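Engineer: File final.txt below, compact mmCIF, C-alpha atoms:
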```
# COMPACT_ATOMS: atom_id res chain seq x y z
CA ASP A 1 53.61 -5.68 -4.09
CA ALA A 2 53.96 -9.44 -4.57
CA GLY A 3 54.36 -10.08 -0.87
CA VAL A 4 57.17 -12.04 0.71
CA ILE A 5 58.66 -14.48 -1.78
CA GLN A 6 60.36 -17.72 -0.75
CA SER A 7 62.12 -20.34 -2.79
CA PRO A 8 62.09 -23.21 -3.20
CA ARG A 9 58.57 -24.08 -2.07
CA HIS A 10 59.51 -27.71 -1.51
CA GLU A 11 62.90 -29.30 -0.93
CA VAL A 12 63.73 -32.96 -0.51
CA THR A 13 67.32 -33.82 0.28
CA GLU A 14 69.42 -36.50 1.85
CA MET A 15 71.05 -36.31 5.25
CA GLY A 16 74.40 -34.56 5.11
CA GLN A 17 73.59 -32.37 2.13
CA GLU A 18 73.66 -28.58 2.20
CA VAL A 19 70.30 -26.81 1.95
CA THR A 20 69.82 -23.14 1.08
CA LEU A 21 66.50 -21.42 1.52
CA ARG A 22 65.87 -18.00 -0.01
CA CYS A 23 63.67 -15.06 0.84
CA LYS A 24 62.77 -11.74 -0.75
CA PRO A 25 61.01 -9.44 1.74
CA ILE A 26 58.41 -6.81 0.92
CA SER A 27 60.05 -3.69 -0.45
CA GLY A 28 60.45 -1.00 2.20
CA HIS A 29 60.31 -3.37 5.15
CA ASP A 30 63.33 -3.06 7.42
CA TYR A 31 62.80 -6.20 9.50
CA LEU A 32 63.19 -9.77 8.25
CA PHE A 33 62.44 -12.90 10.26
CA TRP A 34 63.11 -16.60 9.77
CA TYR A 35 60.78 -19.09 11.50
CA ARG A 36 60.53 -22.84 11.65
CA GLN A 37 57.22 -24.68 12.14
CA THR A 38 56.83 -28.28 13.29
CA MET A 39 53.90 -30.19 14.71
CA MET A 40 55.71 -30.78 17.98
CA ARG A 41 57.12 -27.32 18.65
CA GLY A 42 54.84 -25.04 16.67
CA LEU A 43 56.23 -21.85 15.18
CA GLU A 44 59.65 -20.82 16.45
CA LEU A 45 61.70 -17.73 15.66
CA LEU A 46 65.17 -18.67 14.42
CA ILE A 47 66.74 -15.29 13.68
CA TYR A 48 65.78 -11.80 12.69
CA PHE A 49 67.46 -8.87 10.94
CA ASN A 50 66.99 -5.13 11.15
CA ASN A 51 68.34 -3.09 8.23
CA ASN A 52 70.24 -6.20 7.05
CA VAL A 53 71.99 -6.64 10.41
CA PRO A 54 71.32 -9.80 12.48
CA ILE A 55 69.80 -8.71 15.78
CA ASP A 56 68.91 -11.93 17.57
CA ASP A 57 70.02 -15.40 16.50
CA SER A 58 69.35 -17.11 19.82
CA GLY A 59 66.73 -19.30 18.17
CA MET A 60 69.16 -20.84 15.71
CA PRO A 61 69.33 -24.47 16.83
CA GLU A 62 73.04 -25.04 16.32
CA ASP A 63 76.08 -24.19 14.27
CA ARG A 64 74.76 -26.13 11.31
CA PHE A 65 72.35 -23.25 10.71
CA SER A 66 73.45 -19.90 9.33
CA ALA A 67 71.60 -16.92 7.88
CA LYS A 68 72.69 -13.93 5.85
CA MET A 69 71.12 -10.78 4.51
CA PRO A 70 73.54 -9.24 2.00
CA ASN A 71 71.08 -6.51 1.00
CA ALA A 72 67.62 -5.20 1.78
CA SER A 73 65.92 -7.41 -0.79
CA PHE A 74 67.45 -10.83 -0.17
CA SER A 75 68.17 -13.25 2.64
CA THR A 76 69.28 -16.87 2.86
CA LEU A 77 69.02 -19.56 5.51
CA LYS A 78 71.55 -22.34 5.11
CA ILE A 79 71.71 -25.72 6.78
CA GLN A 80 74.97 -27.62 6.46
CA PRO A 81 75.00 -30.54 6.98
CA SER A 82 71.28 -31.26 7.05
CA GLU A 83 69.75 -33.89 9.35
CA PRO A 84 66.33 -35.62 9.36
CA ARG A 85 65.29 -33.63 12.46
CA ASP A 86 65.59 -30.44 10.39
CA SER A 87 62.51 -31.50 8.43
CA ALA A 88 59.96 -28.71 8.91
CA VAL A 89 58.32 -25.79 7.18
CA TYR A 90 60.55 -22.71 7.16
CA PHE A 91 58.87 -19.32 6.92
CA CYS A 92 60.31 -15.94 6.14
CA ALA A 93 58.43 -12.82 7.26
CA SER A 94 59.03 -9.09 7.01
CA SER A 95 57.72 -5.94 8.65
CA PHE A 96 58.49 -2.29 9.18
CA PHE A 97 58.98 -0.64 12.54
CA ARG A 98 56.11 1.02 14.31
CA GLN A 99 55.93 1.98 17.96
CA GLY A 100 54.04 -0.77 19.75
CA GLY A 101 54.91 -3.34 17.13
CA GLU A 102 53.77 -3.90 13.57
CA THR A 103 52.30 -7.04 12.13
CA GLN A 104 54.58 -9.35 10.21
CA TYR A 105 53.88 -10.46 6.65
CA PHE A 106 54.67 -14.09 6.02
CA GLY A 107 55.83 -15.85 2.90
CA PRO A 108 54.28 -19.16 1.76
CA GLY A 109 57.06 -21.18 3.38
CA THR A 110 59.54 -23.80 2.24
CA ARG A 111 58.62 -27.37 3.12
CA LEU A 112 61.88 -29.21 3.81
CA LEU A 113 62.18 -32.97 4.03
CA VAL A 114 65.55 -34.45 4.94
CA LEU A 115 65.75 -38.20 4.33
CA LYS B 1 59.70 -17.03 29.88
CA GLN B 2 56.54 -16.11 28.00
CA GLU B 3 54.29 -19.01 27.02
CA VAL B 4 51.20 -18.82 24.82
CA THR B 5 48.51 -21.49 25.01
CA GLN B 6 45.52 -21.99 22.75
CA ILE B 7 42.52 -24.09 23.69
CA PRO B 8 41.01 -26.07 22.11
CA ALA B 9 43.58 -27.52 19.71
CA ALA B 10 40.80 -28.38 17.28
CA LEU B 11 37.17 -27.36 16.87
CA SER B 12 34.44 -28.50 14.52
CA VAL B 13 31.20 -26.53 14.18
CA PRO B 14 28.24 -26.41 11.79
CA GLU B 15 27.97 -23.52 9.39
CA GLY B 16 26.28 -20.42 10.80
CA GLU B 17 27.36 -20.97 14.39
CA ASN B 18 29.05 -18.23 16.41
CA LEU B 19 32.27 -19.42 18.03
CA VAL B 20 35.06 -18.34 20.35
CA LEU B 21 38.72 -19.27 20.21
CA ASN B 22 40.80 -18.83 23.33
CA CYS B 23 44.38 -17.71 23.89
CA SER B 24 46.23 -17.31 27.19
CA PHE B 25 49.70 -15.97 27.93
CA THR B 26 51.79 -16.15 31.09
CA ASP B 27 53.44 -12.71 31.21
CA SER B 28 51.18 -9.66 30.93
CA ALA B 29 54.06 -7.35 29.91
CA ILE B 30 53.30 -7.35 26.20
CA TYR B 31 53.39 -4.72 23.45
CA ASN B 32 50.54 -6.25 21.52
CA LEU B 33 48.65 -9.43 20.72
CA GLN B 34 47.92 -10.63 17.22
CA TRP B 35 45.66 -13.22 15.67
CA PHE B 36 46.76 -14.94 12.49
CA ARG B 37 45.10 -17.36 10.12
CA GLN B 38 46.97 -20.19 8.41
CA ASP B 39 45.50 -22.19 5.55
CA PRO B 40 46.95 -25.63 4.72
CA GLY B 41 50.24 -25.33 2.87
CA LYS B 42 50.21 -21.57 3.14
CA GLY B 43 51.87 -18.88 5.22
CA LEU B 44 50.25 -16.90 8.00
CA THR B 45 47.90 -14.00 7.37
CA SER B 46 47.39 -11.33 10.02
CA LEU B 47 43.75 -10.92 11.05
CA LEU B 48 43.76 -8.53 13.98
CA LEU B 49 46.34 -6.70 16.09
CA ILE B 50 45.45 -5.40 19.53
CA GLN B 51 47.83 -2.91 21.15
CA SER B 52 48.47 -3.38 24.86
CA SER B 53 46.44 -0.24 25.62
CA GLN B 54 43.41 -1.50 23.71
CA ARG B 55 40.65 -3.86 24.80
CA GLU B 56 39.39 -5.11 21.45
CA GLN B 57 39.59 -4.90 17.69
CA THR B 58 36.99 -5.73 15.07
CA SER B 59 37.20 -6.65 11.41
CA GLY B 60 34.04 -7.78 9.67
CA ARG B 61 32.75 -10.91 11.38
CA LEU B 62 35.82 -11.11 13.60
CA ASN B 63 36.21 -9.56 17.02
CA ALA B 64 39.27 -9.98 19.21
CA SER B 65 39.43 -8.98 22.84
CA LEU B 66 42.38 -8.57 25.17
CA ASP B 67 42.49 -8.76 28.97
CA LYS B 68 46.12 -8.16 29.89
CA SER B 69 45.64 -8.48 33.62
CA SER B 70 44.29 -12.00 33.30
CA GLY B 71 46.57 -12.91 30.39
CA ARG B 72 43.74 -13.81 28.04
CA SER B 73 42.45 -13.04 24.58
CA THR B 74 39.50 -14.35 22.65
CA LEU B 75 38.73 -14.38 18.94
CA TYR B 76 35.02 -14.31 18.24
CA ILE B 77 33.81 -15.40 14.81
CA ALA B 78 30.21 -14.59 14.00
CA ALA B 79 28.06 -16.62 11.62
CA SER B 80 30.83 -19.02 10.70
CA GLN B 81 31.26 -20.15 7.08
CA PRO B 82 33.08 -23.12 5.51
CA GLY B 83 35.63 -20.62 4.18
CA ASP B 84 36.60 -19.86 7.78
CA SER B 85 38.10 -23.35 8.06
CA ALA B 86 41.79 -22.89 8.86
CA THR B 87 44.22 -22.87 11.77
CA TYR B 88 44.09 -19.74 13.91
CA LEU B 89 47.23 -18.71 15.78
CA CYS B 90 47.61 -16.23 18.57
CA ALA B 91 50.92 -14.42 19.12
CA VAL B 92 52.20 -11.89 21.64
CA LEU B 93 54.95 -9.35 21.22
CA ASP B 94 56.95 -9.33 24.44
CA TYR B 95 58.26 -6.29 26.28
CA GLY B 96 61.24 -8.37 27.29
CA GLY B 97 62.40 -8.73 23.74
CA SER B 98 62.21 -6.39 20.83
CA GLN B 99 60.48 -6.12 17.50
CA GLY B 100 61.30 -9.72 16.81
CA ASN B 101 60.12 -11.34 19.99
CA LEU B 102 56.78 -12.57 18.67
CA ILE B 103 55.77 -15.70 20.57
CA PHE B 104 53.16 -17.96 19.04
CA GLY B 105 50.66 -20.43 20.41
CA LYS B 106 50.29 -23.75 18.62
CA GLY B 107 46.97 -22.78 17.12
CA THR B 108 43.37 -23.94 17.01
CA LYS B 109 42.37 -25.90 13.92
CA LEU B 110 38.84 -24.86 12.97
CA SER B 111 36.57 -26.86 10.71
CA VAL B 112 33.23 -25.36 9.68
CA LYS B 113 30.94 -27.95 8.13
CA PRO B 114 28.35 -26.97 5.52
```
Could you write out this structure as structure tokens?
Structural biologist:
Amino acid sequence: DAGVIQSPRHEVTEMGQEVTLRCKPISGHDYLFWYRQTMMRGLELLIYFNNNVPIDDSGMPEDRFSAKMPNASFSTLKIQPSEPRDSAVYFCASSFFRQGGETQYFGPGTRLLVL
Amino acid sequence: KQEVTQIPAALSVPEGENLVLNCSFTDSAIYNLQWFRQDPGKGLTSLLLIQSSQREQTSGRLNASLDKSSGRSTLYIAASQPGDSATYLCAVLDYGGSQGNLIFGKGTKLSVKP
């Protein structure tokens, strides 16, 4: 398997523009996670899905952020409108359920810069 | 609210040295604890996962221990190599949450000098 795939790898945009980040999880994994990493706050969970259904979106910073998972092999994280404070690295990860927890497999991340 | 702390934030050692990275967490009610490695510009790679019922896990030159009662874990790296240079993150899976409630420390940036 190719692992978790994210696109784009880098995104530079201007404040107010819409940004869409994409993720393809590992085939067979039924959990998908979106994280954001910054120097100040470290790695934070934004939202996660189980079998394409959003389970916990309490980490989504505000209404400007939205995430979808239309099928088992694709998810998007959208920011509209974007702001400079959204600049960060956004990671997608996937896993399958196992009692006691299973490790998560991370994608390479999307480095977002909002000017 | 669970908090995960890693000390030190950065560490520089000469090649060949044995070293210990520390992780502490505030709530002992965890499913498991995991250690990840992150290389610059890359995603995270899982190194070791310790279930709450276990005391330690080993993989090659890496050994991770878990003391739930004291809220501590250590990652021991034997005979360090320049290729071990990376940021190491500790994460706990909370009982209070669910599969997704993985809480990360901010990491220890390790530099191994030849």
Engineer: List every residue of chain A that has an atom at most 12 Å from any atom of chain B, and for each one report the closest atom pair and its distance in Å to one decimal, counting all atoms listed in the file, with rows sorted by chain and then by increasing residue number, as a tab-separated table.
Structural biologist:
```
residue	atom	partner	partner_atom	distance
A:Gly3	CA	B:Gly43	CA	11.0
A:Val4	CA	B:Gly43	CA	9.8
A:Ile5	CA	B:Gly43	CA	10.7
A:Gln6	CA	B:Gly43	CA	10.4
A:Arg9	CA	B:Gly41	CA	9.8
A:His10	CA	B:Gly41	CA	10.5
A:Asp30	CA	B:Gln99	CA	10.9
A:Tyr31	CA	B:Gly100	CA	8.3
A:Leu32	CA	B:Gly100	CA	8.8
A:Phe33	CA	B:Gly100	CA	7.4
A:Trp34	CA	B:Gly100	CA	10.0
A:Tyr35	CA	B:Leu102	CA	10.5
A:Arg36	CA	B:Gly43	CA	11.5
A:Gln37	CA	B:Lys106	CA	9.5
A:Thr38	CA	B:Lys106	CA	9.6
A:Met39	CA	B:Lys106	CA	8.4
A:Met40	CA	B:Lys106	CA	8.9
A:Arg41	CA	B:Lys106	CA	7.7
A:Gly42	CA	B:Lys106	CA	5.1
A:Leu43	CA	B:Phe104	CA	6.3
A:Glu44	CA	B:Phe104	CA	7.6
A:Leu45	CA	B:Leu102	CA	7.7
A:Leu46	CA	B:Gly100	CA	10.0
A:Ile47	CA	B:Gly100	CA	8.4
A:Tyr48	CA	B:Gly100	CA	6.4
A:Phe49	CA	B:Gly100	CA	8.6
A:Asn50	CA	B:Gln99	CA	9.1
A:Pro54	CA	B:Gly100	CA	10.9
A:Ile55	CA	B:Gly100	CA	8.6
A:Asp56	CA	B:Gly100	CA	8.0
A:Asp57	CA	B:Gly100	CA	10.4
A:Ser58	CA	B:Asn101	CA	10.9
A:Gly59	CA	B:Asn101	CA	10.5
A:Ala88	CA	B:Gly41	CA	11.9
A:Val89	CA	B:Gly41	CA	9.2
A:Tyr90	CA	B:Gly43	CA	9.7
A:Phe91	CA	B:Gly43	CA	7.2
A:Cys92	CA	B:Gly43	CA	9.0
A:Ala93	CA	B:Gly43	CA	9.2
A:Ser94	CA	B:Gly100	CA	10.1
A:Ser95	CA	B:Gln99	CA	9.3
A:Phe96	CA	B:Gln99	CA	9.4
A:Phe97	CA	B:Gln99	CA	7.5
A:Arg98	CA	B:Gln99	CA	9.0
A:Gln99	CA	B:Tyr31	CA	9.0
A:Gly100	CA	B:Tyr31	CA	5.5
A:Gly101	CA	B:Gln99	CA	6.2
A:Glu102	CA	B:Gln99	CA	8.1
A:Thr103	CA	B:Ser46	CA	6.9
A:Gln104	CA	B:Ser46	CA	7.5
A:Tyr105	CA	B:Thr45	CA	7.0
A:Phe106	CA	B:Leu44	CA	5.6
A:Gly107	CA	B:Gly43	CA	5.5
A:Pro108	CA	B:Gly43	CA	4.2
A:Gly109	CA	B:Gly43	CA	6.0
A:Thr110	CA	B:Gly41	CA	9.4
A:Arg111	CA	B:Gly41	CA	8.6
```
Engineer: Would you output that residue set with C-alpha atoms, as a PDB file, keeping the file's coordinate frame?
Structural biologist:
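After the write, out_20.pdb holds the following:
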```pdb
ATOM      1  CA  GLY A   3      54.360 -10.080  -0.870  1.00  0.00           C
ATOM      2  CA  VAL A   4      57.170 -12.040   0.710  1.00  0.00           C
ATOM      3  CA  ILE A   5      58.660 -14.480  -1.780  1.00  0.00           C
ATOM      4  CA  GLN A   6      60.360 -17.720  -0.750  1.00  0.00           C
ATOM      5  CA  ARG A   9      58.570 -24.080  -2.070  1.00  0.00           C
ATOM      6  CA  HIS A  10      59.510 -27.710  -1.510  1.00  0.00           C
ATOM      7  CA  ASP A  30      63.330  -3.060   7.420  1.00  0.00           C
ATOM      8  CA  TYR A  31      62.800  -6.200   9.500  1.00  0.00           C
ATOM      9  CA  LEU A  32      63.190  -9.770   8.250  1.00  0.00           C
ATOM     10  CA  PHE A  33      62.440 -12.900  10.260  1.00  0.00           C
ATOM     11  CA  TRP A  34      63.110 -16.600   9.770  1.00  0.00           C
ATOM     12  CA  TYR A  35      60.780 -19.090  11.500  1.00  0.00           C
ATOM     13  CA  ARG A  36      60.530 -22.840  11.650  1.00  0.00           C
ATOM     14  CA  GLN A  37      57.220 -24.680  12.140  1.00  0.00           C
ATOM     15  CA  THR A  38      56.830 -28.280  13.290  1.00  0.00           C
ATOM     16  CA  MET A  39      53.900 -30.190  14.710  1.00  0.00           C
ATOM     17  CA  MET A  40      55.710 -30.780  17.980  1.00  0.00           C
ATOM     18  CA  ARG A  41      57.120 -27.320  18.650  1.00  0.00           C
ATOM     19  CA  GLY A  42      54.840 -25.040  16.670  1.00  0.00           C
ATOM     20  CA  LEU A  43      56.230 -21.850  15.180  1.00  0.00           C
ATOM     21  CA  GLU A  44      59.650 -20.820  16.450  1.00  0.00           C
ATOM     22  CA  LEU A  45      61.700 -17.730  15.660  1.00  0.00           C
ATOM     23  CA  LEU A  46      65.170 -18.670  14.420  1.00  0.00           C
ATOM     24  CA  ILE A  47      66.740 -15.290  13.680  1.00  0.00           C
ATOM     25  CA  TYR A  48      65.780 -11.800  12.690  1.00  0.00           C
ATOM     26  CA  PHE A  49      67.460  -8.870  10.940  1.00  0.00           C
ATOM     27  CA  ASN A  50      66.990  -5.130  11.150  1.00  0.00           C
ATOM     28  CA  PRO A  54      71.320  -9.800  12.480  1.00  0.00           C
ATOM     29  CA  ILE A  55      69.800  -8.710  15.780  1.00  0.00           C
ATOM     30  CA  ASP A  56      68.910 -11.930  17.570  1.00  0.00           C
ATOM     31  CA  ASP A  57      70.020 -15.400  16.500  1.00  0.00           C
ATOM     32  CA  SER A  58      69.350 -17.110  19.820  1.00  0.00           C
ATOM     33  CA  GLY A  59      66.730 -19.300  18.170  1.00  0.00           C
ATOM     34  CA  ALA A  88      59.960 -28.710   8.910  1.00  0.00           C
ATOM     35  CA  VAL A  89      58.320 -25.790   7.180  1.00  0.00           C
ATOM     36  CA  TYR A  90      60.550 -22.710   7.160  1.00  0.00           C
ATOM     37  CA  PHE A  91      58.870 -19.320   6.920  1.00  0.00           C
ATOM     38  CA  CYS A  92      60.310 -15.940   6.140  1.00  0.00           C
ATOM     39  CA  ALA A  93      58.430 -12.820   7.260  1.00  0.00           C
ATOM     40  CA  SER A  94      59.030  -9.090   7.010  1.00  0.00           C
ATOM     41  CA  SER A  95      57.720  -5.940   8.650  1.00  0.00           C
ATOM     42  CA  PHE A  96      58.490  -2.290   9.180  1.00  0.00           C
ATOM     43  CA  PHE A  97      58.980  -0.640  12.540  1.00  0.00           C
ATOM     44  CA  ARG A  98      56.110   1.020  14.310  1.00  0.00           C
ATOM     45  CA  GLN A  99      55.930   1.980  17.960  1.00  0.00           C
ATOM     46  CA  GLY A 100      54.040  -0.770  19.750  1.00  0.00           C
ATOM     47  CA  GLY A 101      54.910  -3.340  17.130  1.00  0.00           C
ATOM     48  CA  GLU A 102      53.770  -3.900  13.570  1.00  0.00           C
ATOM     49  CA  THR A 103      52.300  -7.040  12.130  1.00  0.00           C
ATOM     50  CA  GLN A 104      54.580  -9.350  10.210  1.00  0.00           C
ATOM     51  CA  TYR A 105      53.880 -10.460   6.650  1.00  0.00           C
ATOM     52  CA  PHE A 106      54.670 -14.090   6.020  1.00  0.00           C
ATOM     53  CA  GLY A 107      55.830 -15.850   2.900  1.00  0.00           C
ATOM     54  CA  PRO A 108      54.280 -19.160   1.760  1.00  0.00           C
ATOM     55  CA  GLY A 109      57.060 -21.180   3.380  1.00  0.00           C
ATOM     56  CA  THR A 110      59.540 -23.800   2.240  1.00  0.00           C
ATOM     57  CA  ARG A 111      58.620 -27.370   3.120  1.00  0.00           C
TER      58      ARG A 111
END
```
Engineer: Using Å and a single decimal, report how far CA of Arg37 in chain B sits from CA of Ala64 in chain B.
Structural biologist: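 Distance reported for this atom pair: 13.1 Å.
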Engineer: Hey, what's within 7 Å of Leu66 in chain B if we count only C-alpha atoms and toss same-chain stuff fewer than 6 positions away? As a PyMOL selection string, please?
Structural biologist: chain B and resi 55-56+72-74
Engineer: Rounded to one decimal, what separation in Å do you get between CA of Pro8 in chain B and CA of Ala78 in chain B?
Structural biologist: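 Between CA of Pro8 in chain B and CA of Ala78 in chain B the gap works out to 17.7 Å.
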Engineer: Taking all atoms listed in the file into account, name the residue in B:Asn63, B:Ser80, B:Ser24, B:Ser111 that is nearest to Ala10 in chain B.
Structural biologist: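 Answer, going by the shortest atom-to-atom distance: B:Ser111.
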Engineer: Can you pull out the residues contacting Pro84 in chain A? Cut-off 7 Å, using all atoms listed in the file, and skip same-chain residues under 5 positions away; I want them as a list of chain:residue names.
Structural biologist: A:Met15, A:Val114, A:Leu115
Engineer: Could you tell me how far CA of Gln80 in chain A sits from CA of Arg64 in chain A, in Å to one decimal place?
Structural biologist: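 CA of Gln80 in chain A lies at a distance of 5.1 Å from CA of Arg64 in chain A.
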Engineer: Give me the residues within 8 Å of Arg22 in chain A as a CSV table (one decimal) with C-alpha atoms, keeping the file's coordinate frame, counting only C-alpha atoms and dropping any in the same chain fewer than 4 places off.
Structural biologist:
```csv
chain,number,residue,atom,x,y,z
A,6,GLN,CA,60.4,-17.7,-0.8
A,7,SER,CA,62.1,-20.3,-2.8
A,8,PRO,CA,62.1,-23.2,-3.2
A,74,PHE,CA,67.4,-10.8,-0.2
A,75,SER,CA,68.2,-13.2,2.6
A,76,THR,CA,69.3,-16.9,2.9
A,77,LEU,CA,69.0,-19.6,5.5
```
Engineer: Return the single residue from A:Arg85, A:Ala2, A:Ala72, A:Phe65 that is closest to Glu18 in chain A, with distances computed using all atoms listed in the file.
Structural biologist: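 The shortest atom-to-atom distance to Glu18 in chain A comes from A:Phe65.
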Engineer: Need to verify the contact set: range 13-22 of chain B, 6 Å, only C-alpha atoms, exclusion of same-chain residues closer than 5 positions in sequence. Can you return it as a list in words?
Structural biologist: Gln6, Ile7, Thr74, Leu75, Tyr76, Ile77, Ala78, Ala79, Ser80, Gln81, Val112, Lys113 and Pro114 of chain B
